[in-house]
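J.: What follows is start15.txt, made up of compact mmCIF, C-alpha atoms:
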# COMPACT_ATOMS: atom_id res chain seq x y z
CA MET A 269 76.28 93.04 75.35
CA SER A 270 78.51 90.95 77.60
CA LEU A 271 81.63 89.47 76.03
CA THR A 272 81.54 86.47 78.40
CA ASN A 273 79.31 83.86 79.99
CA ALA A 274 79.40 85.76 83.29
CA PRO A 275 76.20 85.74 85.31
CA ILE A 276 74.70 88.97 86.57
CA LEU A 277 75.00 89.20 90.34
CA HIS A 278 73.15 91.66 92.54
CA SER A 279 74.00 93.01 95.97
CA ASP A 280 72.40 95.77 98.02
CA THR A 281 73.72 98.66 95.93
CA LEU A 282 75.69 97.02 93.09
CA ILE A 283 75.43 94.91 89.98
CA LEU A 284 78.33 92.63 89.06
CA ARG A 285 78.27 91.69 85.38
CA GLY A 286 80.51 90.49 82.60
CA PRO A 287 82.75 92.92 80.74
CA GLU A 288 81.40 94.76 77.72
CA LYS A 289 83.36 96.59 75.00
CA ALA A 290 82.42 99.96 76.49
CA ASP A 291 84.11 98.96 79.78
CA ALA A 292 87.53 98.80 78.13
CA GLU A 293 88.08 102.56 78.38
CA HIS A 294 87.48 102.54 82.16
CA MET A 295 89.92 99.67 82.69
CA ILE A 296 92.55 101.09 80.33
CA ALA A 297 92.44 104.44 82.13
CA PHE A 298 92.88 102.69 85.48
CA LEU A 299 95.76 100.48 84.33
CA ARG A 300 97.64 103.38 82.74
CA ASP A 301 97.43 105.55 85.87
CA PRO A 302 100.71 104.88 87.74
CA GLU A 303 99.37 105.96 91.14
CA ARG A 304 96.02 104.20 91.06
CA SER A 305 97.19 100.90 89.54
CA ILE A 306 100.37 100.40 91.57
CA GLY A 307 98.93 97.60 93.72
CA PHE A 308 97.21 95.92 90.78
CA GLY A 309 99.87 96.22 88.11
CA HIS A 310 100.59 99.46 86.29
CA ILE A 311 100.51 99.09 82.49
CA PRO A 312 101.74 102.33 80.88
CA LEU A 313 101.11 101.48 77.22
CA ARG A 314 97.54 101.68 75.94
CA GLY A 315 97.89 98.59 73.74
CA ASP A 316 99.18 96.51 76.66
CA ALA A 317 96.34 97.76 78.88
CA TRP A 318 93.84 96.83 76.16
CA ARG A 319 95.42 93.35 76.01
CA TRP A 320 94.89 92.98 79.79
CA PHE A 321 91.20 93.82 79.28
CA VAL A 322 90.76 91.18 76.58
CA THR A 323 92.80 88.72 78.66
CA ASN A 324 90.09 89.05 81.32
CA VAL A 325 87.49 88.24 78.63
CA GLY A 326 89.52 85.17 77.66
CA HIS A 327 89.97 84.24 81.32
CA TRP A 328 86.18 83.94 81.61
CA HIS A 329 86.10 81.59 78.62
CA TRP A 330 89.04 79.51 79.88
CA HIS A 331 87.99 79.15 83.54
CA GLY A 332 84.30 80.03 83.58
CA TYR A 333 85.06 82.90 85.98
CA GLY A 334 87.05 86.13 86.02
CA TYR A 335 86.69 89.76 86.97
CA PHE A 336 83.16 91.14 86.97
CA VAL A 337 82.57 94.77 86.14
CA ILE A 338 81.15 96.56 89.18
CA GLU A 339 78.26 98.81 88.26
CA THR A 340 76.26 100.95 90.64
CA LYS A 341 72.48 100.60 90.53
CA ALA A 342 72.58 104.09 88.96
CA GLY A 343 74.52 102.61 86.00
CA LYS A 344 78.02 103.96 86.76
CA VAL A 345 81.02 101.70 86.18
CA ALA A 346 82.82 101.70 89.54
CA GLY A 347 85.54 99.03 89.23
CA ILE A 348 86.10 95.30 88.94
CA SER A 349 85.99 92.37 91.33
CA GLY A 350 86.02 88.63 90.89
CA ILE A 351 88.12 85.51 90.77
CA TRP A 352 91.46 85.62 88.95
CA ASN A 353 93.67 82.61 88.32
CA PRO A 354 96.10 83.08 85.42
CA GLU A 355 99.00 80.76 84.68
CA THR A 356 101.65 81.02 87.48
CA TRP A 357 99.19 82.20 90.18
CA PRO A 358 99.49 80.03 93.29
CA GLU A 359 95.70 79.47 93.39
CA PRO A 360 92.45 81.30 92.62
CA GLU A 361 92.42 84.86 93.91
CA LEU A 362 89.58 87.09 94.99
CA GLY A 363 90.51 90.52 93.64
CA TRP A 364 89.05 94.01 93.59
CA VAL A 365 89.68 97.45 92.15
CA VAL A 366 87.63 100.61 92.51
CA PHE A 367 87.99 103.33 89.91
CA ASP A 368 88.72 106.98 90.60
CA GLY A 369 85.87 108.71 92.39
CA PHE A 370 84.37 105.53 93.89
CA GLU A 371 86.65 105.03 96.91
CA GLY A 372 85.41 105.22 100.47
CA ARG A 373 81.87 104.02 99.75
CA GLY A 374 82.24 100.35 100.66
CA ILE A 375 81.99 99.34 96.99
CA ALA A 376 85.08 97.11 96.99
CA TYR A 377 83.90 95.32 100.13
CA GLU A 378 80.36 94.78 98.86
CA ALA A 379 81.53 93.59 95.44
CA ALA A 380 84.26 91.29 96.78
CA ALA A 381 81.91 89.74 99.36
CA ARG A 382 79.32 89.10 96.63
CA ALA A 383 81.90 87.64 94.21
CA ARG A 384 83.25 85.39 96.98
CA ARG A 385 79.76 84.17 97.84
CA TRP A 386 79.19 83.33 94.16
CA ALA A 387 82.50 81.42 94.00
CA TYR A 388 81.56 79.37 97.06
CA GLU A 389 77.86 78.81 96.38
CA ASP A 390 77.79 78.49 92.60
CA LEU A 391 81.28 77.36 91.60
CA GLY A 392 81.92 75.10 94.60
CA PHE A 393 85.18 76.74 95.70
CA THR A 394 86.20 75.81 99.24
CA THR A 395 88.90 78.45 99.68
CA LEU A 396 90.12 81.66 98.08
CA THR A 397 93.14 83.88 98.51
CA SER A 398 93.97 87.48 97.75
CA ASN A 399 97.42 88.45 96.50
CA ILE A 400 98.41 91.85 97.90
CA VAL A 401 101.65 93.73 97.31
CA PRO A 402 103.31 94.53 100.65
CA GLY A 403 102.72 98.30 100.55
CA ASN A 404 99.02 98.14 99.67
CA ASP A 405 97.64 98.89 103.13
CA ARG A 406 94.12 99.70 101.88
CA SER A 407 93.78 96.26 100.27
CA LYS A 408 95.17 94.60 103.39
CA ALA A 409 92.55 96.43 105.49
CA LEU A 410 89.81 95.28 103.12
CA ALA A 411 91.13 91.70 103.19
CA ARG A 412 90.99 91.78 107.01
CA ARG A 413 87.45 93.18 106.89
CA LEU A 414 86.52 90.24 104.64
CA GLY A 415 88.00 87.89 107.26
CA ALA A 416 91.17 87.02 105.34
CA VAL A 417 94.43 86.43 107.19
CA TYR A 418 98.02 86.81 106.03
CA GLU A 419 99.46 83.40 105.15
CA ARG A 420 102.83 83.95 103.48
CA THR A 421 104.99 86.08 101.21
CA TYR A 422 105.99 84.68 97.85
CA HIS A 423 107.49 85.81 94.55
CA ASN A 424 104.86 86.67 91.94
CA GLU A 425 106.49 86.81 88.50
CA GLN A 426 104.17 89.67 87.49
CA MET A 427 104.26 91.76 90.68
CA GLY A 428 107.49 90.74 92.45
CA GLU A 429 107.14 90.29 96.21
CA ASP A 430 103.50 89.50 97.00
CA GLU A 431 101.57 88.53 100.09
CA LEU A 432 99.03 85.73 100.00
CA TRP A 433 95.99 86.32 102.23
CA ARG A 434 93.63 83.38 102.94
CA HIS A 435 89.88 83.97 103.05
CA PRO A 436 87.59 82.06 105.36
CA GLY A 437 85.86 79.12 103.72
CA PRO A 438 82.14 78.80 103.04
CA ALA A 439 81.33 77.20 106.41
CA GLU A 440 83.17 79.93 108.31
CA ILE A 441 81.31 82.68 106.45
CA ALA A 442 77.93 81.02 107.00
CA ALA A 443 78.54 80.73 110.74
Can I see the file as structure tokens?
T.:
Amino acid sequence: MSLTNAPILHSDTLILRGPEKADAEHMIAFLRDPERSIGFGHIPLRGDAWRWFVTNVGHWHWHGYGYFVIETKAGKVAGISGIWNPETWPEPELGWVVFDGFEGRGIAYEAAARARRWAYEDLGFTTLTSNIVPGNDRSKALARRLGAVYERTYHNEQMGEDELWRHPGPAEIAA
């Protein structure tokens, strides 16, 4: 059972849905892994990682959007993607994470493109950004593939130095 009001979105090979209690273990494992979570925000303590998971649940209730859980059509939890906009963020961000064993399959691209389409078509967003730490070359490559362009570097109080990448708007994507 979903913990949020998140819709269920479908793409060619994925389902994007709201977080469920069973998803917490996947997210906690990701956040506690110092190598895998470096570009997202490593959280070494289990309790703090759990709090991040429930913060995402609360984010959905506060904003009406947040990170979807990415599930393959075969029912495997593969990561998260969605719109993130906590206090102190410069503006709403399109974010993505793929869990261990799901890299290199185009999952992050497919999920992020679907989440962005939902934000534009259903929520009425006219722009989105992605915040990417300078050394995260894989996320920068994905942002470019999604049509985003580097806009500026700024100080993110959670991540330190961060790059803001601007996504094309709804009209540019439809063209």
J.: Skip Gly343 of chain A itself and residues of its chain fewer than 5 positions away, then list as a PyMOL selection string all residues within 10 Å of it, counting all atoms listed in the file.
T.: chain A and resi 282-283+338
J.: For Trp433 of chain A, which residue among A:Val401, A:Val366, A:Ala274, A:Ala383 is the nearest when counting only C-alpha atoms?
T.: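 The answer is A:Val401, which sits nearest to Trp433 of chain A.
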J.: Env of Asp368 of chain A: 9 Å cut, atoms = all atoms listed in the file, seq-sep filter 3 positions within chain, self excluded. Answer as a ChimeraX atom specification.
T.: /A:298,304,346-347,371
J.: Skipping near chain neighbours, those fewer than 5 positions away, what residues fall within 12 Å of segment 426-428 of chain A using all atoms listed in the file, listed as a list in words?
T.: Ser305, Ile306, Gly307, Phe308, Gly309, His310, Ile311, Pro354, Glu355, Thr356, Trp357, Asn399, Ile400, Val401, Pro402, Gly403 and Thr421 of chain A
J.: So what do you get for atom CA of His331 of chain A versus atom CA of Asn353 of chain A, distance-wise?
T.: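 Rounded to one decimal, the two atoms are 8.2 Å apart.
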J.: Mind checking which residues fall within 9 Å of Asp291 of chain A, counting all atoms listed in the file, ignoring those fewer than 6 positions away in the same chain, and posting them as a list of chain:residue names?
T.: A:Phe321, A:Val337, A:Val345
J.: Write out as a PyMOL selection string the residues lying within 9 Å of Arg420 of chain A, counting only C-alpha atoms and excluding same-chain residues fewer than 5 positions away.
T.: chain A and resi 430-433
J.: Considering all atoms listed in the file, state which residue in the set A:Arg385, A:Arg314, A:His278, A:His435 is at the smallest distance from Ala292 of chain A.
T.: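 For Ala292 of chain A, the nearest of the given residues is A:Arg314.
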